[in-house]
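Please read the structure below before turning to the comments.
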Amino acid sequence: MNKAVGIIPARWGSTRFPGKPLYQIDGKPLLRHVWERCLRARKLSSVIIATDDMRIANAAFDWGAEIALTSLHHQSGTDRIAEVVRNAKQYALVINIQGDEPLLDPDLIDQMVKRLRSDRKIDIVTAAHPFENPAEASSPHQVKVVVDLHGNALYFSRAAVPFPRDQSPPIKYLRHQGVYGFRRRALLQFVEWKPTPLERAESLEQLRALENGVKVHVLVTKHGSPGVDTLADAKALEQRLARAKRRGISR
């Protein structure tokens with residue numbers, strides 16, 4: 001059976017939130033929350049944290065995480081995981097997991113691995129869900145995706161797509177969730193391509209696949225998980241977890 005690995009790229013130097021991976025939320029570093037979630041996925045053979053920063057590497061080592069030290073010069077998390085995969089030839093399937101989604105559903109990871117194993121025509125898979133608050137679809141910080149009748153992405157955008165010309169019926173905008181599953185060869189091919197015009201215009205690297213004619217399959221789920229892009233996001237998540245604890249709700 002095709003072995004699957006989950007890789008979490010992590011860097012220290014976020015422009016909006018320096019040191020984000022080790023920011024404490026509910027008594028644990030943000031990155032540790034993500035790592036522990038990934039360990040609960042049943043279809044991953046390994047979970048690796050890929051980083052170029054010794055502060056992150058040393059902290060993750062103390063948790064017992066498997067670590068891959070990578071180059072300082074990667075332009076994206078996808079480039080970082082590709083370096084790891086080149087040296088880990090035993091994995092045929094790769095799940096690229098963002099290090100800032102501490103409530104990521106492990107079942108979603110398993111669904112992505114299952115889809116790649118069951119359909120050889122799919123080279124890249126990602127996820128999306130309807131906006132809980134449709135007004136958020138207007139924000140350029142929230143990436144939207146439109147899909148065809150077969151579940152493949154037609155386009156990803158920071159704009160609110162599609163545009164409801166007649167306002168009826170109400171549009172259910174889909175929020176893209178930044179987790180990806182790749183076949184090994186598809187990942188290594190992806191990072192060899194140069195950035196494409198639409199990718200540069202929207203600052204969305206997933207458009208590189210579409211512009212090169214590669215289909216991206218989208219798993220549409222009922223609910224997503226909040227990302228942590230800023231300190232304000234982290235504070236909001238802390239408050240959410242505190243409320244859940246008071247109500248006795250398990251994450």
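Going through the structure tokens in order, the chains are called A, B, and so on, while each chain numbers its residues from 1 and the ligands are numbered from 1 in the order shown.
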
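Residues in contact with Tyr23 in chain A at 10 Å, where only C-alpha atoms are counted and same-chain residues fewer than 6 positions away are skipped, are listed as Phe17, Pro29, Leu30, Leu31, Arg32, Leu231 and Ala234 of chain A.
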
List every residue of range 25-79 of chain A that has an atom at most 10 Å from any atom of range 175-193 of chain A, giving for each one its closest atom pair and the distance in Å to one decimal, counting only C-alpha atoms, sorted by chain and then by ascending residue number, as JSON lines.
```
{"residue": "A:Ser76", "atom": "CA", "partner": "A:Val191", "partner_atom": "CA", "distance": 9.7}
{"residue": "A:Thr78", "atom": "CA", "partner": "A:Val191", "partner_atom": "CA", "distance": 7.3}
{"residue": "A:Asp79", "atom": "CA", "partner": "A:Val191", "partner_atom": "CA", "distance": 6.2}
```

Suppose we keep C-alpha atoms; can you now write the selection as a PDB file, in the first residue's frame?
```pdb
ATOM      1  CA  SER A  76       7.131  28.574   0.505  1.00  0.00           C
ATOM      2  CA  THR A  78       5.583  23.577  -0.358  1.00  0.00           C
ATOM      3  CA  ASP A  79       9.224  24.043  -1.343  1.00  0.00           C
TER       4      ASP A  79
END
```

DSSP says strand (DSSP E or B) for which residues of range 66-242 of chain A? Put them as a ChimeraX atom specification?
/A:66-69,93-96,124-130,144-147,152-157,174-183,216-220

Once you have the residues from the selection above, write them out as a compact mmCIF listing (two decimals), in the first residue's frame, restricted to N, CA and C atoms.
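Done, and the output landed in out29.txt:
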```txt
# COMPACT_ATOMS: atom_id res chain seq x y z
N GLU A 66 9.30 13.98 15.17
CA GLU A 66 10.30 13.73 14.14
C GLU A 66 10.54 15.05 13.41
N ILE A 67 11.80 15.40 13.23
CA ILE A 67 12.16 16.72 12.69
C ILE A 67 13.01 16.55 11.45
N ALA A 68 12.80 17.43 10.48
CA ALA A 68 13.68 17.53 9.32
C ALA A 68 14.17 18.96 9.23
N LEU A 69 15.48 19.15 9.32
CA LEU A 69 16.06 20.48 9.16
C LEU A 69 16.23 20.78 7.68
N LEU A 93 2.72 9.22 -0.90
CA LEU A 93 1.69 10.24 -0.70
C LEU A 93 2.15 11.21 0.38
N VAL A 94 1.90 12.48 0.14
CA VAL A 94 2.39 13.53 1.05
C VAL A 94 1.24 14.47 1.40
N ILE A 95 0.99 14.66 2.68
CA ILE A 95 -0.01 15.63 3.13
C ILE A 95 0.73 16.84 3.69
N ASN A 96 0.49 17.98 3.07
CA ASN A 96 1.10 19.25 3.47
C ASN A 96 0.14 19.93 4.45
N ILE A 124 -3.53 15.84 -6.89
CA ILE A 124 -3.52 16.82 -5.80
C ILE A 124 -4.93 16.92 -5.23
N VAL A 125 -5.04 16.93 -3.92
CA VAL A 125 -6.35 17.07 -3.28
C VAL A 125 -6.23 18.12 -2.18
N THR A 126 -7.30 18.88 -2.00
CA THR A 126 -7.34 19.88 -0.93
C THR A 126 -8.74 19.89 -0.33
N ALA A 127 -9.06 20.88 0.48
CA ALA A 127 -10.34 20.89 1.18
C ALA A 127 -10.94 22.28 1.21
N ALA A 128 -12.27 22.32 1.37
CA ALA A 128 -12.99 23.58 1.48
C ALA A 128 -14.28 23.33 2.25
N HIS A 129 -14.87 24.40 2.73
CA HIS A 129 -16.14 24.28 3.46
C HIS A 129 -16.91 25.59 3.31
N PRO A 130 -18.24 25.55 3.46
CA PRO A 130 -19.02 26.79 3.36
C PRO A 130 -18.65 27.76 4.49
N LYS A 144 -11.25 31.90 -1.49
CA LYS A 144 -12.43 31.20 -1.96
C LYS A 144 -12.07 30.23 -3.08
N VAL A 145 -12.87 29.19 -3.26
CA VAL A 145 -12.67 28.26 -4.36
C VAL A 145 -14.03 27.94 -4.97
N VAL A 146 -14.04 27.79 -6.29
CA VAL A 146 -15.23 27.30 -6.99
C VAL A 146 -14.87 25.97 -7.61
N VAL A 147 -15.81 25.03 -7.58
CA VAL A 147 -15.54 23.67 -8.06
C VAL A 147 -16.50 23.29 -9.17
N ASN A 152 -13.72 19.11 -8.82
CA ASN A 152 -12.40 19.65 -9.11
C ASN A 152 -12.43 21.18 -9.10
N ALA A 153 -11.35 21.78 -8.65
CA ALA A 153 -11.29 23.24 -8.55
C ALA A 153 -11.29 23.88 -9.93
N LEU A 154 -12.15 24.86 -10.12
CA LEU A 154 -12.12 25.69 -11.32
C LEU A 154 -11.21 26.89 -11.12
N TYR A 155 -11.25 27.46 -9.90
CA TYR A 155 -10.42 28.63 -9.62
C TYR A 155 -10.38 28.88 -8.12
N PHE A 156 -9.26 29.41 -7.67
CA PHE A 156 -9.09 29.91 -6.31
C PHE A 156 -8.90 31.42 -6.39
N SER A 157 -9.52 32.16 -5.46
CA SER A 157 -9.40 33.61 -5.53
C SER A 157 -9.55 34.26 -4.17
N LEU A 174 -17.41 28.97 -0.83
CA LEU A 174 -16.58 27.95 -0.20
C LEU A 174 -15.24 28.56 0.23
N ARG A 175 -14.91 28.40 1.50
CA ARG A 175 -13.62 28.84 2.02
C ARG A 175 -12.60 27.73 1.82
N HIS A 176 -11.50 28.07 1.17
CA HIS A 176 -10.44 27.08 0.98
C HIS A 176 -9.68 26.89 2.27
N GLN A 177 -9.44 25.63 2.61
CA GLN A 177 -8.65 25.30 3.79
C GLN A 177 -7.28 24.84 3.31
N GLY A 178 -6.22 25.43 3.86
CA GLY A 178 -4.88 25.24 3.31
C GLY A 178 -4.20 23.95 3.70
N VAL A 179 -4.81 22.83 3.42
CA VAL A 179 -4.18 21.53 3.61
C VAL A 179 -4.23 20.82 2.26
N TYR A 180 -3.12 20.20 1.86
CA TYR A 180 -3.02 19.59 0.53
C TYR A 180 -2.50 18.17 0.63
N GLY A 181 -3.01 17.33 -0.25
CA GLY A 181 -2.45 16.00 -0.43
C GLY A 181 -1.87 15.89 -1.83
N PHE A 182 -0.65 15.38 -1.93
CA PHE A 182 0.03 15.24 -3.21
C PHE A 182 0.48 13.79 -3.42
N ARG A 183 0.46 13.35 -4.65
CA ARG A 183 1.30 12.22 -5.00
C ARG A 183 2.73 12.74 -5.06
N VAL A 216 -7.01 19.91 -9.41
CA VAL A 216 -6.92 19.88 -7.96
C VAL A 216 -8.30 19.47 -7.44
N HIS A 217 -8.38 18.29 -6.86
CA HIS A 217 -9.66 17.81 -6.35
C HIS A 217 -9.94 18.44 -4.98
N VAL A 218 -11.20 18.80 -4.75
CA VAL A 218 -11.57 19.50 -3.52
C VAL A 218 -12.56 18.66 -2.71
N LEU A 219 -12.19 18.31 -1.51
CA LEU A 219 -13.11 17.66 -0.58
C LEU A 219 -13.90 18.75 0.13
N VAL A 220 -15.20 18.78 -0.09
CA VAL A 220 -16.04 19.80 0.55
C VAL A 220 -16.62 19.21 1.83
```

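The coordinates place CA of Gln98 in chain A at 16.9 Å from CA of Gln24 in chain A.
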
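The shortest atom-to-atom distance to Pro21 in chain A, with only C-alpha atoms taken into account, belongs to A:Ile56 out of A:Ala159, A:Ile56, A:Ile8, A:Ala236.
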
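With only C-alpha atoms as the atoms that count, the residue of A:Ser45, A:Thr230, A:Asn87, A:Asn133 with the shortest distance to Thr15 in chain A is A:Thr230.
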
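If you look at CA of Val84 in chain A and CA of Ala65 in chain A, they are 14.9 Å away from each other.
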
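With only C-alpha atoms as the atoms that count, the minimum distance from Lys172 in chain A to the choices A:Lys222, A:Lys43, A:Arg117, A:Arg158 is reached by A:Lys222.
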